[in-house]
Each structure stands twice: as structure tokens, then as C-alpha cells.
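*Asks:* Starting off with a structure, shown below.
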Amino acid sequence: MSNQESNNSFSSRIVVLPEANIDTDQIIPARFLTTTTKAGLGKVAFNDWRYNADGSNKDFILNTIDPTEHRVLVAGNNLGCGSSREHAPWALMDYGFKAVISTEIADIFKSNSLKNGLLPVVVDKATYDKLLKNPQQRVTIDLESCALTLEDGTVFTFQVEEFARQCLLEGVDAMGWLQKRLPAIEAYEKANHKEAA
């Protein structure tokens, strides 16, 4: 069973990084991929944008916000392009993000995000422009209805692959989803074993 947090519905302020083509190496540089655990990667998320060579903070938005209040990242087109690395969604989640929003999200980053409990939301240009116009706004994301509600009341309905949506709703990964159905699987196997005997 996974320890992933359920994403049914939550509200959060947004963080806007409007740059296009933010690749996975910008989200977490390759030199930090030596770990196989997720814990602690949030401190190196966007490391080269956040810190100077001496470790001091750069003038970067993630150094100025409270991650417990800003759990939705709004990024430019083609978010998560580049290499496939699960460390990228791990780092964003460990920082505190529960969802990322863009007009386009790279397929493999989207897949890795869904498998690890980070919700990728692709919006149309009009909705994206409304997010950019008010970069401090609070949004509500309801995964049950796949609805993103902006502070002005605008509701945008997004798409999520159904199995991934079910895993997110239950707060589990694919293995956790299977483990939750173990009693039914065992009952089925027991019944079929009796028939075969």
C-alpha cells in the first residue's frame, strides 16, 4: 500500500513559472539522481534556479513562498520535457506540490507524475491566461469531477486517464490499488480452485 496522499479535492494558492520547455533536468539536475528514495528531494527541486554556487538563495519564487500554502505549480508550455526521470515529480511533491498545470505537459512526465501521485492538469489557453493574470490566486481542484475552479468562478474541466484517476482518488499507486483488492482476488482464486478440484 502506498502512502500517497488522497487528491480528491483541495484548494491552494498557485505558483507561476511561465517559462516554456521546463525540462526534467531543470526540475531536478541529474547530479541529484543518485538516490532511490523520494524523501529530501524537495530541497533540490529547481536547484540551479534556487541557489547560487555557494548555497545562498537566488531571487527565485520558490525561495519566497510557503510550500504549504502554494501546492499548485502553473508552468509554461511543454512542462517536463527532456529525459524520463521519476525524480522530477518526486522532487516537486517533496517540495509540497500536489498538482501541476500547463497548456502542454510532456507525455512521459505526465505518466511519471500520475504513477507517483502528482496530478498533471492540461488547460486551454484562455484558462491559462486567467491563471497568469492573477498569479496569487487560490484555485480548487476536484479530482472526482475533474474540475479546476479559478478564483473568479471559472470552472475548467480537465481529462485524466481513468485508472490513474482511481489510484489518485484512493491515494494509492498501481500496486496499492491491487493490494486493496486482495480479498476479492483470494476469494475468486479459492472459488476457482474448488471448481477445478
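Scheme for the C-alpha cells: letters A, B, ... for chains in order shown; per-chain residue numbers from 1; ligand numbers from 1 in order shown.
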Among chain A, which ones does DSSP assign to strand (DSSP E) (computed from the backbone)? Answer as a PyMOL selection string.
*Replies:* chain A and resi 9-17+70-75+99-102+119-122+138-142+147-149+155-157
*Asks:* Restricted to N, CA, C and O atoms, what would the selected residues look like written as a tab-separated table (two decimals), in the first residue's frame?
*Replies:*
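Just written: selection-v5.tsv:
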chain	number	residue	atom	x	y	z
A	9	SER	N	-10.04	16.45	-3.42
A	9	SER	CA	-10.37	17.85	-3.61
A	9	SER	C	-9.50	18.68	-2.68
A	9	SER	O	-9.34	18.34	-1.51
A	10	PHE	N	-8.93	19.73	-3.21
A	10	PHE	CA	-8.13	20.60	-2.36
A	10	PHE	C	-8.07	21.99	-2.98
A	10	PHE	O	-8.27	22.16	-4.17
A	11	SER	N	-7.82	22.96	-2.12
A	11	SER	CA	-7.65	24.34	-2.57
A	11	SER	C	-6.23	24.78	-2.23
A	11	SER	O	-5.67	24.35	-1.23
A	12	SER	N	-5.70	25.63	-3.07
A	12	SER	CA	-4.33	26.09	-2.87
A	12	SER	C	-4.09	27.36	-3.65
A	12	SER	O	-4.72	27.60	-4.68
A	13	ARG	N	-3.15	28.15	-3.17
A	13	ARG	CA	-2.64	29.24	-3.99
A	13	ARG	C	-1.74	28.63	-5.06
A	13	ARG	O	-1.17	27.57	-4.88
A	14	ILE	N	-1.61	29.34	-6.18
A	14	ILE	CA	-0.77	28.86	-7.27
A	14	ILE	C	0.60	29.52	-7.22
A	14	ILE	O	0.77	30.59	-6.62
A	15	VAL	N	1.56	28.86	-7.84
A	15	VAL	CA	2.89	29.43	-8.09
A	15	VAL	C	3.07	29.42	-9.59
A	15	VAL	O	2.88	28.38	-10.23
A	16	VAL	N	3.42	30.55	-10.16
A	16	VAL	CA	3.52	30.65	-11.61
A	16	VAL	C	4.98	30.73	-12.05
A	16	VAL	O	5.73	31.60	-11.61
A	17	LEU	N	5.36	29.78	-12.89
A	17	LEU	CA	6.66	29.79	-13.58
A	17	LEU	C	6.34	29.72	-15.07
A	17	LEU	O	6.22	28.63	-15.63
A	70	HIS	N	1.12	27.02	-1.14
A	70	HIS	CA	1.22	27.06	-2.60
A	70	HIS	C	1.50	25.65	-3.09
A	70	HIS	O	2.65	25.24	-3.22
A	71	ARG	N	0.45	24.91	-3.36
A	71	ARG	CA	0.61	23.49	-3.69
A	71	ARG	C	0.31	23.17	-5.15
A	71	ARG	O	0.22	22.02	-5.53
A	72	VAL	N	0.14	24.25	-5.94
A	72	VAL	CA	-0.14	24.06	-7.37
A	72	VAL	C	0.85	24.89	-8.18
A	72	VAL	O	0.93	26.10	-8.02
A	73	LEU	N	1.62	24.20	-9.04
A	73	LEU	CA	2.59	24.87	-9.91
A	73	LEU	C	1.96	25.08	-11.28
A	73	LEU	O	1.49	24.14	-11.90
A	74	VAL	N	1.97	26.34	-11.73
A	74	VAL	CA	1.50	26.67	-13.08
A	74	VAL	C	2.73	26.99	-13.91
A	74	VAL	O	3.45	27.96	-13.62
A	75	ALA	N	3.01	26.16	-14.90
A	75	ALA	CA	4.23	26.31	-15.70
A	75	ALA	C	3.89	26.56	-17.15
A	75	ALA	O	2.74	26.38	-17.58
A	99	ALA	N	-0.21	19.35	-7.53
A	99	ALA	CA	-0.66	19.38	-8.92
A	99	ALA	C	0.22	20.34	-9.72
A	99	ALA	O	0.79	21.29	-9.17
A	100	VAL	N	0.32	20.05	-11.01
A	100	VAL	CA	0.99	20.97	-11.94
A	100	VAL	C	0.00	21.28	-13.06
A	100	VAL	O	-0.78	20.41	-13.47
A	101	ILE	N	0.04	22.51	-13.53
A	101	ILE	CA	-0.88	22.95	-14.58
A	101	ILE	C	-0.07	23.57	-15.70
A	101	ILE	O	0.86	24.34	-15.46
A	102	SER	N	-0.44	23.24	-16.93
A	102	SER	CA	0.21	23.84	-18.10
A	102	SER	C	-0.71	23.66	-19.30
A	102	SER	O	-1.69	22.91	-19.25
A	119	LEU	N	-0.72	15.32	-9.64
A	119	LEU	CA	-1.78	15.48	-10.64
A	119	LEU	C	-1.36	16.47	-11.73
A	119	LEU	O	-1.18	17.65	-11.45
A	120	PRO	N	-1.22	16.01	-12.99
A	120	PRO	CA	-0.97	16.93	-14.10
A	120	PRO	C	-2.29	17.39	-14.71
A	120	PRO	O	-3.14	16.58	-15.04
A	121	VAL	N	-2.46	18.69	-14.85
A	121	VAL	CA	-3.70	19.25	-15.39
A	121	VAL	C	-3.35	20.08	-16.63
A	121	VAL	O	-2.60	21.07	-16.53
A	122	VAL	N	-3.88	19.68	-17.76
A	122	VAL	CA	-3.67	20.43	-19.01
A	122	VAL	C	-4.88	21.32	-19.24
A	122	VAL	O	-6.01	20.83	-19.26
A	138	ARG	N	-6.12	31.72	-5.51
A	138	ARG	CA	-6.38	30.39	-4.95
A	138	ARG	C	-7.27	29.64	-5.94
A	138	ARG	O	-8.25	30.19	-6.44
A	139	VAL	N	-6.93	28.40	-6.19
A	139	VAL	CA	-7.74	27.56	-7.07
A	139	VAL	C	-8.18	26.33	-6.29
A	139	VAL	O	-7.58	25.98	-5.27
A	140	THR	N	-9.24	25.71	-6.77
A	140	THR	CA	-9.71	24.46	-6.19
A	140	THR	C	-9.68	23.39	-7.27
A	140	THR	O	-10.15	23.62	-8.39
A	141	ILE	N	-9.12	22.26	-6.93
A	141	ILE	CA	-9.07	21.13	-7.85
A	141	ILE	C	-9.88	19.99	-7.25
A	141	ILE	O	-9.63	19.58	-6.12
A	142	ASP	N	-10.87	19.54	-7.99
A	142	ASP	CA	-11.71	18.43	-7.57
A	142	ASP	C	-11.48	17.28	-8.55
A	142	ASP	O	-11.91	17.35	-9.71
A	147	ALA	N	-12.48	18.87	-12.12
A	147	ALA	CA	-12.78	20.29	-12.30
A	147	ALA	C	-11.73	21.15	-11.61
A	147	ALA	O	-11.34	20.89	-10.47
A	148	LEU	N	-11.28	22.16	-12.33
A	148	LEU	CA	-10.39	23.18	-11.80
A	148	LEU	C	-11.21	24.47	-11.70
A	148	LEU	O	-11.74	24.95	-12.70
A	149	THR	N	-11.35	25.01	-10.49
A	149	THR	CA	-12.12	26.24	-10.30
A	149	THR	C	-11.19	27.37	-9.94
A	149	THR	O	-10.43	27.28	-8.96
A	155	VAL	N	-14.80	27.64	-14.17
A	155	VAL	CA	-14.60	26.22	-13.97
A	155	VAL	C	-14.10	25.61	-15.27
A	155	VAL	O	-14.70	25.79	-16.33
A	156	PHE	N	-12.97	24.92	-15.17
A	156	PHE	CA	-12.40	24.23	-16.33
A	156	PHE	C	-12.40	22.74	-16.03
A	156	PHE	O	-11.93	22.31	-14.98
A	157	THR	N	-12.95	21.96	-16.95
A	157	THR	CA	-12.98	20.51	-16.78
A	157	THR	C	-11.80	19.90	-17.53
A	157	THR	O	-11.60	20.19	-18.71
*Asks:* Could you write out, as a VMD selection string, all the residues of chain A that DSSP marks as helix (DSSP H, G or I)?
*Replies:* chain A and resid 24 to 27 30 to 32 41 to 44 47 to 50 61 to 63 87 to 95 107 to 116 125 to 133 162 to 170 174 to 180 182 to 196
*Asks:* Restricting the output to C-alpha atoms, write the selected residues as an mmCIF file, in the first residue's frame.
*Replies:*
data_model
loop_
_atom_site.group_PDB
_atom_site.id
_atom_site.type_symbol
_atom_site.label_atom_id
_atom_site.label_comp_id
_atom_site.auth_asym_id
_atom_site.auth_seq_id
_atom_site.Cartn_x
_atom_site.Cartn_y
_atom_site.Cartn_z
ATOM 1 C CA THR A 24 13.270 17.488 -16.082
ATOM 2 C CA ASP A 25 16.923 18.496 -15.666
ATOM 3 C CA GLN A 26 15.781 21.976 -14.646
ATOM 4 C CA ILE A 27 13.272 20.467 -12.210
ATOM 5 C CA ALA A 30 20.984 14.839 -12.988
ATOM 6 C CA ARG A 31 23.627 15.009 -10.248
ATOM 7 C CA PHE A 32 20.864 14.501 -7.664
ATOM 8 C CA LEU A 41 14.366 15.836 -2.987
ATOM 9 C CA GLY A 42 12.197 18.905 -2.428
ATOM 10 C CA LYS A 43 15.167 20.856 -1.163
ATOM 11 C CA VAL A 44 16.903 20.380 -4.532
ATOM 12 C CA ASN A 47 18.206 23.623 -7.505
ATOM 13 C CA ASP A 48 20.099 25.606 -10.141
ATOM 14 C CA TRP A 49 17.340 28.241 -10.291
ATOM 15 C CA ARG A 50 17.094 28.485 -6.495
ATOM 16 C CA ILE A 61 9.916 32.490 -6.483
ATOM 17 C CA LEU A 62 10.230 29.119 -4.745
ATOM 18 C CA ASN A 63 12.518 30.799 -2.202
ATOM 19 C CA HIS A 87 12.832 12.037 -9.572
ATOM 20 C CA ALA A 88 11.241 15.103 -11.192
ATOM 21 C CA PRO A 89 7.709 14.505 -9.856
ATOM 22 C CA TRP A 90 9.239 13.141 -6.631
ATOM 23 C CA ALA A 91 11.112 16.433 -6.142
ATOM 24 C CA LEU A 92 8.036 18.553 -6.865
ATOM 25 C CA MET A 93 5.911 16.500 -4.463
ATOM 26 C CA ASP A 94 8.545 16.528 -1.754
ATOM 27 C CA TYR A 95 8.693 20.317 -2.119
ATOM 28 C CA ASP A 107 3.765 12.634 -22.002
ATOM 29 C CA ILE A 108 6.418 10.764 -20.023
ATOM 30 C CA PHE A 109 6.472 13.397 -17.276
ATOM 31 C CA LYS A 110 2.676 13.222 -17.127
ATOM 32 C CA SER A 111 2.833 9.427 -16.835
ATOM 33 C CA ASN A 112 5.515 9.537 -14.132
ATOM 34 C CA SER A 113 3.525 12.175 -12.259
ATOM 35 C CA LEU A 114 0.320 10.129 -12.273
ATOM 36 C CA LYS A 115 2.165 6.992 -11.121
ATOM 37 C CA ASN A 116 3.600 8.893 -8.182
ATOM 38 C CA LYS A 125 -5.019 28.918 -23.421
ATOM 39 C CA ALA A 126 -7.908 31.011 -22.099
ATOM 40 C CA THR A 127 -7.808 29.312 -18.685
ATOM 41 C CA TYR A 128 -4.023 29.521 -18.613
ATOM 42 C CA ASP A 129 -4.139 33.240 -19.368
ATOM 43 C CA LYS A 130 -6.555 33.742 -16.452
ATOM 44 C CA LEU A 131 -4.109 31.963 -14.159
ATOM 45 C CA LEU A 132 -1.274 34.209 -15.351
ATOM 46 C CA LYS A 133 -3.325 37.374 -14.835
ATOM 47 C CA GLU A 162 -9.351 6.683 -15.637
ATOM 48 C CA PHE A 163 -7.125 4.114 -13.905
ATOM 49 C CA ALA A 164 -4.699 6.824 -12.815
ATOM 50 C CA ARG A 165 -7.648 8.906 -11.574
ATOM 51 C CA GLN A 166 -8.908 5.966 -9.496
ATOM 52 C CA CYS A 167 -5.456 5.463 -7.964
ATOM 53 C CA LEU A 168 -5.234 9.157 -7.113
ATOM 54 C CA LEU A 169 -8.721 9.145 -5.616
ATOM 55 C CA GLU A 170 -7.805 6.164 -3.441
ATOM 56 C CA ALA A 174 -0.895 0.720 -9.022
ATOM 57 C CA MET A 175 0.465 -1.852 -6.560
ATOM 58 C CA GLY A 176 -1.559 -0.335 -3.724
ATOM 59 C CA TRP A 177 -4.689 -0.458 -5.900
ATOM 60 C CA LEU A 178 -4.095 -4.177 -6.483
ATOM 61 C CA GLN A 179 -3.367 -4.854 -2.818
ATOM 62 C CA LYS A 180 -6.677 -3.235 -1.801
ATOM 63 C CA LEU A 182 -6.551 -8.805 -2.440
ATOM 64 C CA PRO A 183 -9.556 -10.233 -0.528
ATOM 65 C CA ALA A 184 -11.620 -10.312 -3.726
ATOM 66 C CA ILE A 185 -8.721 -11.855 -5.652
ATOM 67 C CA GLU A 186 -8.231 -14.525 -2.986
ATOM 68 C CA ALA A 187 -11.971 -15.288 -2.902
ATOM 69 C CA TYR A 188 -12.010 -15.648 -6.678
ATOM 70 C CA GLU A 189 -8.963 -17.919 -6.644
ATOM 71 C CA LYS A 190 -10.401 -20.019 -3.816
ATOM 72 C CA ALA A 191 -13.710 -20.469 -5.663
ATOM 73 C CA ASN A 192 -11.964 -21.381 -8.910
ATOM 74 C CA HIS A 193 -9.612 -23.775 -7.111
ATOM 75 C CA LYS A 194 -12.629 -25.657 -5.660
ATOM 76 C CA GLU A 195 -14.220 -25.926 -9.108
ATOM 77 C CA ALA A 196 -11.003 -27.315 -10.577
#
*Asks:* Considering only C-alpha atoms, state which residue in the set A:Asn57, A:Thr103, A:Asn52, A:Gln159 is at the smallest distance from Pro18 in chain A.
*Replies:*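 Ranking A:Asn57, A:Thr103, A:Asn52, A:Gln159 by distance to Pro18 in chain A, first place goes to A:Thr103.
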*Asks:* Which residue out of A:Ser145, A:Thr154, A:Asn21, A:Asn134 has the minimum interatomic distance to Gly80 in chain A when only C-alpha atoms are used?
*Replies:*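 Smallest separation from Gly80 in chain A among the options: A:Asn21.
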*Asks:* As an exercise, work out the distance from CA of Arg85 in chain A to CA of Ala20 in chain A in Å and give it to one decimal place.
*Replies:*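 Going from CA of Arg85 in chain A over to CA of Ala20 in chain A, I get 18.7 Å.
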